[in-house]
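The next block holds one structure in the form of structure tokens; read it before the comments.
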Amino acid sequence: MAQWNLWHGCHKISPGCANCYVYRMDAKYQRDSSQVCKTSDFDLPARKNRFGEYKIPSGEVLYTCFTSDFFLEDADPWRPQAWEMMRRRQDLHFLFITKRIHRFYDAIPSDWGDGYENVTICCTTENQDRADFRLPIFLEAPIRHKQIVCEPLLGPIDLSRYLGGWIEGLVAGGESGEAARLCRFEWVLSLREQCAAAGVPFHFKQTGARFEKDGRIYRIPRKEQHKQAALAGIDWSWAPKKD
């Protein structure tokens, strides 16, 4: 998985941010995560080797800005350069996740139109309140590739009114870390059922550190959280029925 973390640091704005993994990682090195700065990889997609070839080869999906938020206010001066690199590298696909979809129209480039074909924007919805605030904005926004991310999943969410249409997938997962809040399997299954009813692919990414199933609470080590989610076998992808 190729990553492009072009700036680092963020500001907590909603319940899903409470135990942010970036803040946890930075705390180990006594680094202040609220201080936002460009990274040494800022120009990564534009870098070439000594033969004049791009170091990131064509066809890669580049997971973008995973140690910050691409729509963060602090990054407004740098974002036009980021869009320019995405525009230049039409042979790559850029995917980023945001809790700041309300800043969409302040952050897109002048030539955005109906969206860049090589950009996927994922909107996070950790609970019903944030779903009802962010998703109406998200659904109306001109974006060619849209996904919903319910991670960390902090409670039951009814997304039935928001699924279908242009939503290409939904990812759900619990919260990691020592202070992780509980994720219940029933919440995950409900999202899966909603996705299946709407014809939206569903992926159970991770259990989180505290996971409840059938009335029993499990403490799951970080290295096992993705594995246990996969073992649940509940991922769902739409496929046409055979005659």
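Letters for chains follow the order of the structure tokens (A, B, ...), residue numbers begin at 1 for each chain, and ligand numbers begin at 1 in the order shown.
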
Select from stretch 126-204 of chain A every residue with an atom at most 8 Å from any atom of stretch 91-108 of chain A, then for each give the shortest pair of atoms and their distance in Å to one decimal, using only C-alpha atoms, rows by chain and rising number, as a Markdown table.
| residue | atom | partner | partner_atom | distance |
| --- | --- | --- | --- | --- |
| A:Arg134 | CA | A:Ile101 | CA | 6.4 |
| A:Ile137 | CA | A:His102 | CA | 6.7 |
| A:Phe138 | CA | A:Ile101 | CA | 6.4 |
| A:Ala141 | CA | A:Phe104 | CA | 7.7 |
| A:Val149 | CA | A:Ile97 | CA | 7.8 |

Next, dump the selected residues to file, keeping only all heavy atoms, as a tab-separated table (two decimals), in the first residue's frame.
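Output saved as again.tsv:
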chain	number	residue	atom	x	y	z
A	134	ARG	N	-22.67	15.33	8.21
A	134	ARG	CA	-21.72	15.28	7.10
A	134	ARG	C	-22.29	14.70	5.81
A	134	ARG	O	-21.97	15.18	4.71
A	134	ARG	CB	-20.49	14.46	7.52
A	134	ARG	CG	-19.67	15.08	8.63
A	134	ARG	CD	-18.55	14.17	9.07
A	134	ARG	NE	-17.84	14.74	10.21
A	134	ARG	CZ	-17.26	14.01	11.17
A	134	ARG	NH1	-17.32	12.69	11.11
A	134	ARG	NH2	-16.64	14.60	12.17
A	137	ILE	N	-24.11	16.83	3.06
A	137	ILE	CA	-23.14	17.65	2.32
A	137	ILE	C	-22.37	16.78	1.34
A	137	ILE	O	-22.18	17.14	0.17
A	137	ILE	CB	-22.15	18.31	3.31
A	137	ILE	CG1	-22.89	19.18	4.31
A	137	ILE	CG2	-21.10	19.12	2.55
A	137	ILE	CD1	-22.01	19.66	5.47
A	138	PHE	N	-21.95	15.62	1.81
A	138	PHE	CA	-21.16	14.69	1.00
A	138	PHE	C	-21.92	14.23	-0.24
A	138	PHE	O	-21.38	14.20	-1.35
A	138	PHE	CB	-20.78	13.50	1.87
A	138	PHE	CG	-19.80	12.53	1.26
A	138	PHE	CD1	-18.62	12.96	0.68
A	138	PHE	CD2	-20.06	11.16	1.29
A	138	PHE	CE1	-17.71	12.06	0.14
A	138	PHE	CE2	-19.16	10.26	0.77
A	138	PHE	CZ	-17.99	10.70	0.19
A	141	ALA	N	-22.20	16.94	-2.91
A	141	ALA	CA	-20.93	17.45	-3.46
A	141	ALA	C	-20.58	16.74	-4.77
A	141	ALA	O	-20.77	15.53	-4.91
A	141	ALA	CB	-19.80	17.26	-2.46
A	149	VAL	N	-16.78	5.99	5.56
A	149	VAL	CA	-15.96	5.27	6.53
A	149	VAL	C	-16.57	5.44	7.92
A	149	VAL	O	-16.63	6.56	8.45
A	149	VAL	CB	-14.50	5.79	6.53
A	149	VAL	CG1	-13.69	5.09	7.63
A	149	VAL	CG2	-13.86	5.56	5.16

I want to know what sits within 7 Å of stretch 67-69 of chain A, based on only C-alpha atoms, with residues of the same chain fewer than 6 positions away left out; could you give that as number ranges by chain? A: 5, 7-10, 22, 98

Residues at most 12 Å from stretch 38-54 of chain A, counting only C-alpha atoms, excluding those fewer than 2 positions away in the same chain, as a ChimeraX atom specification? /A:2-10,35-36,56-65,67-68,70,74-79,81-94

For A:Gly173, work out the shell of residues within 12 Å, counting only C-alpha atoms and skipping chain neighbours fewer than 5 positions away, then give it as a PyMOL selection string. chain A and resi 16+124-126+148-155+180-185+187-189+191-192+202-211+225-226+228-230+235

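Each of A:Thr120, A:Gln30, A:Ser176, A:Gln194 was checked against A:Leu163 using only C-alpha atoms; the smallest atom-to-atom distance is that of A:Gln194.
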
Extract the full set of strand (DSSP E or B) residues from stretch 1-241 of chain A according to DSSP on the backbone, and format it as a PyMOL selection string. chain A and resi 2-4+7-8+37-38+48+54+61-64+93-98+119-124+145-150+167-173+183-184+202-206+210-213+216-219+236

Just the residues within 7 Å of A:Gly164, please, counting only C-alpha atoms, with nothing from its chain fewer than 3 positions along; format it as a ChimeraX atom specification. /A:167,198-200

Dump N, CA, C and O atoms for the selected residues as a PDB file, in the first residue's frame?
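Result file out09.pdb:
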ATOM      1  N   ILE A 167     -22.469   6.205  -3.903  1.00  0.00           N
ATOM      2  CA  ILE A 167     -21.591   5.644  -2.874  1.00  0.00           C
ATOM      3  C   ILE A 167     -21.010   4.325  -3.372  1.00  0.00           C
ATOM      4  O   ILE A 167     -21.733   3.383  -3.678  1.00  0.00           O
ATOM      5  N   ALA A 198     -28.929  -1.751  -0.104  1.00  0.00           N
ATOM      6  CA  ALA A 198     -28.747  -0.635  -1.030  1.00  0.00           C
ATOM      7  C   ALA A 198     -27.817  -0.962  -2.190  1.00  0.00           C
ATOM      8  O   ALA A 198     -27.629  -0.134  -3.084  1.00  0.00           O
ATOM      9  N   GLY A 199     -27.209  -2.159  -2.166  1.00  0.00           N
ATOM     10  CA  GLY A 199     -26.286  -2.531  -3.230  1.00  0.00           C
ATOM     11  C   GLY A 199     -24.948  -1.835  -3.134  1.00  0.00           C
ATOM     12  O   GLY A 199     -24.292  -1.568  -4.155  1.00  0.00           O
ATOM     13  N   VAL A 200     -24.503  -1.540  -1.898  1.00  0.00           N
ATOM     14  CA  VAL A 200     -23.224  -0.859  -1.671  1.00  0.00           C
ATOM     15  C   VAL A 200     -22.222  -1.845  -1.068  1.00  0.00           C
ATOM     16  O   VAL A 200     -22.507  -2.449  -0.027  1.00  0.00           O
TER      17      VAL A 200
END

Among stretch 8-192 of chain A, which residues carry a DSSP assignment of alpha helix (DSSP H), reported as a compact mmCIF listing (two decimals) with all heavy atoms, in the first residue's frame?
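The resulting file, selection.txt, is reproduced below:
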# COMPACT_ATOMS: atom_id res chain seq x y z
N TYR A 21 -5.19 8.05 16.50
CA TYR A 21 -3.97 7.25 16.46
C TYR A 21 -2.74 8.11 16.17
O TYR A 21 -1.63 7.80 16.61
CB TYR A 21 -4.08 6.12 15.44
CG TYR A 21 -4.08 6.54 13.99
CD1 TYR A 21 -2.90 6.58 13.26
CD2 TYR A 21 -5.26 6.88 13.35
CE1 TYR A 21 -2.90 6.96 11.92
CE2 TYR A 21 -5.28 7.26 12.03
CZ TYR A 21 -4.10 7.30 11.31
OH TYR A 21 -4.10 7.68 9.99
N VAL A 22 -2.92 9.22 15.46
CA VAL A 22 -1.79 10.12 15.19
C VAL A 22 -1.32 10.77 16.49
O VAL A 22 -0.11 10.85 16.77
CB VAL A 22 -2.18 11.19 14.16
CG1 VAL A 22 -1.04 12.20 13.98
CG2 VAL A 22 -2.51 10.55 12.82
N TYR A 23 -2.26 11.21 17.30
CA TYR A 23 -1.91 11.78 18.60
C TYR A 23 -1.21 10.74 19.48
O TYR A 23 -0.27 11.06 20.20
CB TYR A 23 -3.16 12.31 19.30
CG TYR A 23 -3.52 13.74 18.92
CD1 TYR A 23 -3.99 14.04 17.64
CD2 TYR A 23 -3.38 14.78 19.84
CE1 TYR A 23 -4.32 15.34 17.29
CE2 TYR A 23 -3.71 16.08 19.51
CZ TYR A 23 -4.18 16.37 18.21
OH TYR A 23 -4.50 17.66 17.86
N ARG A 24 -1.69 9.49 19.43
CA ARG A 24 -1.06 8.44 20.23
C ARG A 24 0.37 8.19 19.78
O ARG A 24 1.27 8.05 20.61
CB ARG A 24 -1.87 7.13 20.11
CG ARG A 24 -3.23 7.16 20.76
CD ARG A 24 -3.70 5.75 21.12
NE ARG A 24 -3.50 4.79 20.06
CZ ARG A 24 -4.37 4.51 19.10
NH1 ARG A 24 -5.53 5.17 19.06
NH2 ARG A 24 -4.12 3.59 18.18
N MET A 25 0.59 8.12 18.48
CA MET A 25 1.93 7.87 17.96
C MET A 25 2.87 9.03 18.31
O MET A 25 4.00 8.82 18.74
CB MET A 25 1.89 7.66 16.45
CG MET A 25 1.24 6.37 16.01
SD MET A 25 1.44 6.06 14.23
CE MET A 25 0.62 7.51 13.52
N ASP A 26 2.38 10.25 18.13
CA ASP A 26 3.22 11.42 18.40
C ASP A 26 3.57 11.53 19.88
O ASP A 26 4.66 11.99 20.24
CB ASP A 26 2.52 12.69 17.93
CG ASP A 26 2.59 12.88 16.42
OD1 ASP A 26 3.35 12.14 15.76
OD2 ASP A 26 1.88 13.77 15.91
N ALA A 27 2.63 11.12 20.74
CA ALA A 27 2.86 11.22 22.19
C ALA A 27 4.07 10.40 22.62
O ALA A 27 4.78 10.76 23.57
CB ALA A 27 1.62 10.78 22.95
N LYS A 28 4.33 9.31 21.92
CA LYS A 28 5.49 8.47 22.25
C LYS A 28 6.79 9.22 22.06
O LYS A 28 7.80 8.89 22.69
CB LYS A 28 5.48 7.21 21.39
CG LYS A 28 4.32 6.27 21.65
CD LYS A 28 4.39 5.05 20.75
CE LYS A 28 3.22 4.10 20.99
NZ LYS A 28 3.28 2.92 20.09
N ARG A 79 -2.41 23.27 -0.24
CA ARG A 79 -3.29 22.36 -0.98
C ARG A 79 -3.29 22.59 -2.50
O ARG A 79 -3.35 21.61 -3.26
CB ARG A 79 -4.72 22.44 -0.42
CG ARG A 79 -5.60 21.26 -0.86
CD ARG A 79 -6.97 21.32 -0.22
NE ARG A 79 -6.90 21.29 1.21
CZ ARG A 79 -7.05 22.36 1.99
NH1 ARG A 79 -7.30 23.55 1.44
NH2 ARG A 79 -6.96 22.26 3.30
N PRO A 80 -3.20 23.83 -3.00
CA PRO A 80 -3.16 24.00 -4.46
C PRO A 80 -2.02 23.23 -5.12
O PRO A 80 -2.20 22.68 -6.21
CB PRO A 80 -2.98 25.52 -4.62
CG PRO A 80 -3.64 26.09 -3.40
CD PRO A 80 -3.30 25.13 -2.30
N GLN A 81 -0.87 23.15 -4.47
CA GLN A 81 0.24 22.37 -5.02
C GLN A 81 -0.08 20.88 -5.02
O GLN A 81 0.30 20.15 -5.93
CB GLN A 81 1.52 22.61 -4.21
CG GLN A 81 2.07 24.01 -4.30
CD GLN A 81 3.23 24.20 -3.33
OE1 GLN A 81 3.05 24.65 -2.19
NE2 GLN A 81 4.42 23.85 -3.77
N ALA A 82 -0.79 20.44 -3.97
CA ALA A 82 -1.19 19.03 -3.91
C ALA A 82 -2.14 18.69 -5.05
O ALA A 82 -1.99 17.66 -5.72
CB ALA A 82 -1.84 18.73 -2.56
N TRP A 83 -3.14 19.56 -5.28
CA TRP A 83 -4.06 19.32 -6.39
C TRP A 83 -3.31 19.30 -7.72
O TRP A 83 -3.64 18.50 -8.61
CB TRP A 83 -5.13 20.42 -6.43
CG TRP A 83 -6.19 20.38 -5.38
CD1 TRP A 83 -6.54 21.39 -4.53
CD2 TRP A 83 -7.07 19.29 -5.05
NE1 TRP A 83 -7.57 21.01 -3.71
CE2 TRP A 83 -7.92 19.73 -4.01
CE3 TRP A 83 -7.22 18.00 -5.55
CZ2 TRP A 83 -8.91 18.92 -3.46
CZ3 TRP A 83 -8.21 17.18 -5.00
CH2 TRP A 83 -9.04 17.64 -3.96
N GLU A 84 -2.32 20.17 -7.86
CA GLU A 84 -1.55 20.21 -9.11
C GLU A 84 -0.83 18.89 -9.35
O GLU A 84 -0.78 18.39 -10.48
CB GLU A 84 -0.55 21.36 -9.07
CG GLU A 84 0.43 21.40 -10.23
CD GLU A 84 -0.24 21.44 -11.59
OE1 GLU A 84 -1.34 22.02 -11.71
OE2 GLU A 84 0.33 20.87 -12.55
N MET A 85 -0.28 18.28 -8.31
CA MET A 85 0.39 16.99 -8.47
C MET A 85 -0.61 15.90 -8.82
O MET A 85 -0.32 15.01 -9.62
CB MET A 85 1.17 16.63 -7.19
CG MET A 85 2.46 17.42 -7.05
SD MET A 85 3.44 16.96 -5.60
CE MET A 85 2.71 18.02 -4.33
N MET A 86 -1.81 15.95 -8.24
CA MET A 86 -2.85 14.98 -8.59
C MET A 86 -3.27 15.15 -10.03
O MET A 86 -3.51 14.17 -10.75
CB MET A 86 -4.06 15.15 -7.66
CG MET A 86 -3.81 14.82 -6.21
SD MET A 86 -5.33 15.02 -5.23
CE MET A 86 -4.69 14.84 -3.57
N ARG A 87 -3.37 16.39 -10.46
CA ARG A 87 -3.73 16.69 -11.85
C ARG A 87 -2.66 16.18 -12.82
O ARG A 87 -2.96 15.63 -13.87
CB ARG A 87 -3.92 18.20 -12.00
CG ARG A 87 -4.51 18.66 -13.32
CD ARG A 87 -4.57 20.17 -13.38
NE ARG A 87 -5.32 20.76 -12.28
CZ ARG A 87 -4.78 21.54 -11.34
NH1 ARG A 87 -3.50 21.85 -11.37
NH2 ARG A 87 -5.54 22.04 -10.38
N ARG A 88 -1.42 16.34 -12.42
CA ARG A 88 -0.30 15.91 -13.27
C ARG A 88 -0.20 14.39 -13.34
O ARG A 88 0.11 13.84 -14.39
CB ARG A 88 1.00 16.49 -12.71
CG ARG A 88 2.21 16.34 -13.61
CD ARG A 88 3.48 16.80 -12.91
NE ARG A 88 3.30 18.02 -12.13
CZ ARG A 88 4.22 18.47 -11.27
NH1 ARG A 88 5.35 17.80 -11.10
NH2 ARG A 88 4.00 19.58 -10.61
N PHE A 104 -15.49 21.41 1.88
CA PHE A 104 -15.27 20.93 0.51
C PHE A 104 -15.18 22.10 -0.49
O PHE A 104 -14.22 22.19 -1.26
CB PHE A 104 -16.40 19.98 0.12
CG PHE A 104 -16.36 19.54 -1.32
CD1 PHE A 104 -15.49 18.54 -1.72
CD2 PHE A 104 -17.18 20.14 -2.27
CE1 PHE A 104 -15.45 18.13 -3.05
CE2 PHE A 104 -17.14 19.73 -3.59
CZ PHE A 104 -16.27 18.73 -3.98
N TYR A 105 -16.16 22.96 -0.47
CA TYR A 105 -16.20 24.01 -1.49
C TYR A 105 -15.12 25.08 -1.29
O TYR A 105 -14.78 25.80 -2.22
CB TYR A 105 -17.59 24.65 -1.53
CG TYR A 105 -18.64 23.69 -2.05
CD1 TYR A 105 -19.48 23.02 -1.16
CD2 TYR A 105 -18.75 23.42 -3.41
CE1 TYR A 105 -20.43 22.12 -1.64
CE2 TYR A 105 -19.69 22.51 -3.89
CZ TYR A 105 -20.53 21.87 -3.00
OH TYR A 105 -21.46 20.96 -3.46
N ASP A 106 -14.57 25.16 -0.08
CA ASP A 106 -13.47 26.09 0.19
C ASP A 106 -12.12 25.49 -0.20
O ASP A 106 -11.13 26.23 -0.26
CB ASP A 106 -13.42 26.45 1.68
CG ASP A 106 -14.65 27.21 2.13
OD1 ASP A 106 -15.15 28.04 1.34
OD2 ASP A 106 -15.12 26.97 3.26
N ALA A 107 -12.09 24.19 -0.44
CA ALA A 107 -10.81 23.51 -0.60
C ALA A 107 -10.54 22.93 -1.98
O ALA A 107 -9.43 22.51 -2.28
CB ALA A 107 -10.70 22.38 0.44
N GLN A 128 -24.37 8.64 14.73
CA GLN A 128 -25.52 9.14 13.98
C GLN A 128 -25.48 10.66 13.82
O GLN A 128 -25.83 11.19 12.76
CB GLN A 128 -26.82 8.73 14.69
CG GLN A 128 -28.07 8.96 13.85
CD GLN A 128 -28.13 8.02 12.66
OE1 GLN A 128 -28.04 6.81 12.82
NE2 GLN A 128 -28.31 8.57 11.46
N ASP A 129 -25.04 11.35 14.85
CA ASP A 129 -25.00 12.81 14.78
C ASP A 129 -24.08 13.29 13.66
O ASP A 129 -24.45 14.17 12.87
CB ASP A 129 -24.50 13.37 16.12
CG ASP A 129 -24.31 14.87 16.08
OD1 ASP A 129 -25.32 15.59 16.11
OD2 ASP A 129 -23.15 15.33 16.00
N ARG A 130 -22.89 12.70 13.56
CA ARG A 130 -21.94 13.11 12.52
C ARG A 130 -22.41 12.64 11.14
O ARG A 130 -22.17 13.32 10.14
CB ARG A 130 -20.55 12.59 12.83
CG ARG A 130 -19.87 13.26 14.02
CD ARG A 130 -19.72 14.78 13.86
NE ARG A 130 -20.94 15.51 14.20
CZ ARG A 130 -21.15 16.79 13.91
NH1 ARG A 130 -20.23 17.49 13.27
NH2 ARG A 130 -22.27 17.39 14.27
N ALA A 131 -23.09 11.51 11.09
CA ALA A 131 -23.64 11.05 9.81
C ALA A 131 -24.67 12.04 9.29
O ALA A 131 -24.65 12.42 8.11
CB ALA A 131 -24.27 9.67 9.98
N ASP A 132 -25.54 12.49 10.17
CA ASP A 132 -26.61 13.40 9.75
C ASP A 132 -26.09 14.80 9.43
O ASP A 132 -26.74 15.55 8.70
CB ASP A 132 -27.69 13.47 10.83
CG ASP A 132 -28.44 12.16 10.99
OD1 ASP A 132 -28.42 11.36 10.04
OD2 ASP A 132 -29.02 11.94 12.07
N PHE A 133 -24.94 15.16 9.96
CA PHE A 133 -24.34 16.45 9.63
C PHE A 133 -23.53 16.36 8.33
O PHE A 133 -23.66 17.21 7.43
CB PHE A 133 -23.43 16.93 10.77
CG PHE A 133 -22.61 18.15 10.40
CD1 PHE A 133 -23.21 19.39 10.23
CD2 PHE A 133 -21.24 18.04 10.21
CE1 PHE A 133 -22.46 20.51 9.88
CE2 PHE A 133 -20.48 19.16 9.86
CZ PHE A 133 -21.08 20.39 9.70
N ARG A 134 -22.67 15.33 8.21
CA ARG A 134 -21.72 15.28 7.10
C ARG A 134 -22.29 14.70 5.81
O ARG A 134 -21.97 15.18 4.71
CB ARG A 134 -20.49 14.46 7.52
CG ARG A 134 -19.67 15.08 8.63
CD ARG A 134 -18.55 14.17 9.07
NE ARG A 134 -17.84 14.74 10.21
CZ ARG A 134 -17.26 14.01 11.17
NH1 ARG A 134 -17.32 12.69 11.11
NH2 ARG A 134 -16.64 14.60 12.17
N LEU A 135 -23.10 13.67 5.91
CA LEU A 135 -23.48 12.96 4.69
C LEU A 135 -24.39 13.74 3.75
O LEU A 135 -24.25 13.59 2.52
CB LEU A 135 -24.09 11.61 5.06
CG LEU A 135 -23.08 10.61 5.65
CD1 LEU A 135 -23.73 9.27 5.92
CD2 LEU A 135 -21.86 10.43 4.74
N PRO A 136 -25.31 14.56 4.22
CA PRO A 136 -26.06 15.38 3.25
C PRO A 136 -25.14 16.28 2.41
O PRO A 136 -25.35 16.45 1.21
CB PRO A 136 -27.00 16.20 4.15
CG PRO A 136 -27.21 15.33 5.35
CD PRO A 136 -25.87 14.70 5.58
N ILE A 137 -24.11 16.83 3.06
CA ILE A 137 -23.14 17.65 2.32
C ILE A 137 -22.37 16.78 1.34
O ILE A 137 -22.18 17.14 0.17
CB ILE A 137 -22.15 18.31 3.31
CG1 ILE A 137 -22.89 19.18 4.31
CG2 ILE A 137 -21.10 19.12 2.55
CD1 ILE A 137 -22.01 19.66 5.47
N PHE A 138 -21.95 15.62 1.81
CA PHE A 138 -21.16 14.69 1.00
C PHE A 138 -21.92 14.23 -0.24
O PHE A 138 -21.38 14.20 -1.35
CB PHE A 138 -20.78 13.50 1.87
CG PHE A 138 -19.80 12.53 1.26
CD1 PHE A 138 -18.62 12.96 0.68
CD2 PHE A 138 -20.06 11.16 1.29
CE1 PHE A 138 -17.71 12.06 0.14
CE2 PHE A 138 -19.16 10.26 0.77
CZ PHE A 138 -17.99 10.70 0.19
N LEU A 139 -23.18 13.87 -0.05
CA LEU A 139 -23.96 13.34 -1.16
C LEU A 139 -24.21 14.40 -2.23
O LEU A 139 -24.28 14.08 -3.42
CB LEU A 139 -25.29 12.78 -0.65
CG LEU A 139 -25.20 11.55 0.26
CD1 LEU A 139 -26.58 11.05 0.61
CD2 LEU A 139 -24.41 10.44 -0.41
N GLU A 140 -24.35 15.64 -1.82
CA GLU A 140 -24.61 16.72 -2.78
C GLU A 140 -23.34 17.19 -3.49
O GLU A 140 -23.42 17.79 -4.56
CB GLU A 140 -25.26 17.91 -2.06
CG GLU A 140 -26.69 17.66 -1.61
CD GLU A 140 -27.64 17.43 -2.78
OE1 GLU A 140 -27.48 18.11 -3.82
OE2 GLU A 140 -28.53 16.57 -2.66
N PHE A 185 -20.58 -5.88 17.69
CA PHE A 185 -20.75 -6.61 16.44
C PHE A 185 -22.11 -6.33 15.83
O PHE A 185 -22.24 -6.26 14.60
CB PHE A 185 -20.55 -8.11 16.69
CG PHE A 185 -20.41 -8.93 15.43
CD1 PHE A 185 -19.60 -8.51 14.39
CD2 PHE A 185 -21.09 -10.14 15.30
CE1 PHE A 185 -19.45 -9.28 13.23
CE2 PHE A 185 -20.95 -10.90 14.15
CZ PHE A 185 -20.14 -10.47 13.12
N GLU A 186 -23.11 -6.13 16.66
CA GLU A 186 -24.46 -5.88 16.14
C GLU A 186 -24.51 -4.58 15.33
O GLU A 186 -25.26 -4.48 14.36
CB GLU A 186 -25.47 -5.84 17.28
CG GLU A 186 -25.24 -4.71 18.27
CD GLU A 186 -26.02 -4.89 19.56
OE1 GLU A 186 -25.68 -5.77 20.37
OE2 GLU A 186 -26.99 -4.12 19.74
N TRP A 187 -23.69 -3.58 15.73
CA TRP A 187 -23.65 -2.33 14.97
C TRP A 187 -23.05 -2.56 13.58
O TRP A 187 -23.50 -2.01 12.59
CB TRP A 187 -22.81 -1.28 15.69
CG TRP A 187 -23.24 -0.96 17.09
CD1 TRP A 187 -24.47 -1.21 17.67
CD2 TRP A 187 -22.44 -0.35 18.11
NE1 TRP A 187 -24.47 -0.78 18.97
CE2 TRP A 187 -23.25 -0.24 19.27
CE3 TRP A 187 -21.14 0.13 18.15
CZ2 TRP A 187 -22.77 0.33 20.46
CZ3 TRP A 187 -20.65 0.70 19.32
CH2 TRP A 187 -21.46 0.79 20.46
N VAL A 188 -22.00 -3.39 13.56
CA VAL A 188 -21.32 -3.70 12.30
C VAL A 188 -22.26 -4.47 11.38
O VAL A 188 -22.37 -4.17 10.18
CB VAL A 188 -20.04 -4.53 12.57
CG1 VAL A 188 -19.35 -4.89 11.26
CG2 VAL A 188 -19.08 -3.74 13.48
N LEU A 189 -22.95 -5.46 11.94
CA LEU A 189 -23.88 -6.27 11.13
C LEU A 189 -25.02 -5.41 10.57
O LEU A 189 -25.46 -5.62 9.43
CB LEU A 189 -24.45 -7.41 11.97
CG LEU A 189 -23.49 -8.56 12.29
CD1 LEU A 189 -24.19 -9.57 13.20
CD2 LEU A 189 -23.01 -9.24 11.02
N SER A 190 -25.48 -4.46 11.36
CA SER A 190 -26.53 -3.58 10.88
C SER A 190 -26.08 -2.78 9.67
O SER A 190 -26.83 -2.64 8.69
CB SER A 190 -26.97 -2.62 12.00
OG SER A 190 -27.91 -1.67 11.51
N LEU A 191 -24.85 -2.27 9.71
CA LEU A 191 -24.33 -1.54 8.56
C LEU A 191 -24.20 -2.44 7.34
O LEU A 191 -24.48 -2.03 6.22
CB LEU A 191 -22.97 -0.92 8.91
CG LEU A 191 -23.00 0.26 9.88
CD1 LEU A 191 -21.59 0.68 10.25
CD2 LEU A 191 -23.76 1.44 9.28
N ARG A 192 -23.78 -3.68 7.58
CA ARG A 192 -23.67 -4.64 6.47
C ARG A 192 -25.04 -4.86 5.82
O ARG A 192 -25.16 -4.88 4.59
CB ARG A 192 -23.11 -5.96 6.96
CG ARG A 192 -22.94 -7.00 5.85
CD ARG A 192 -22.67 -8.38 6.42
NE ARG A 192 -22.36 -9.32 5.38
CZ ARG A 192 -23.26 -9.97 4.64
NH1 ARG A 192 -24.56 -9.71 4.80
NH2 ARG A 192 -22.87 -10.83 3.72

If you measure from atom CA of A:Gln147 to atom CA of A:Ala197, what distance in Å do you get, rounded to one decimal? 16.4 Å

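Using only C-alpha atoms, the shortest contact distance between A:Trp236 and any of A:Ala172, A:Cys123, A:Cys195, A:Ala18 is found at A:Cys195.
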
How many Å lie between atom CA of A:Ile234 and atom CA of A:Val171, rounded to one decimal?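 Atom CA of A:Val171 lies 11.7 Å from atom CA of A:Ile234.
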
Could you please determine the separation between atom CA of A:Pro201 and atom CA of A:Pro109 in Å, to one decimal place?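 The value is 29.3 Å.
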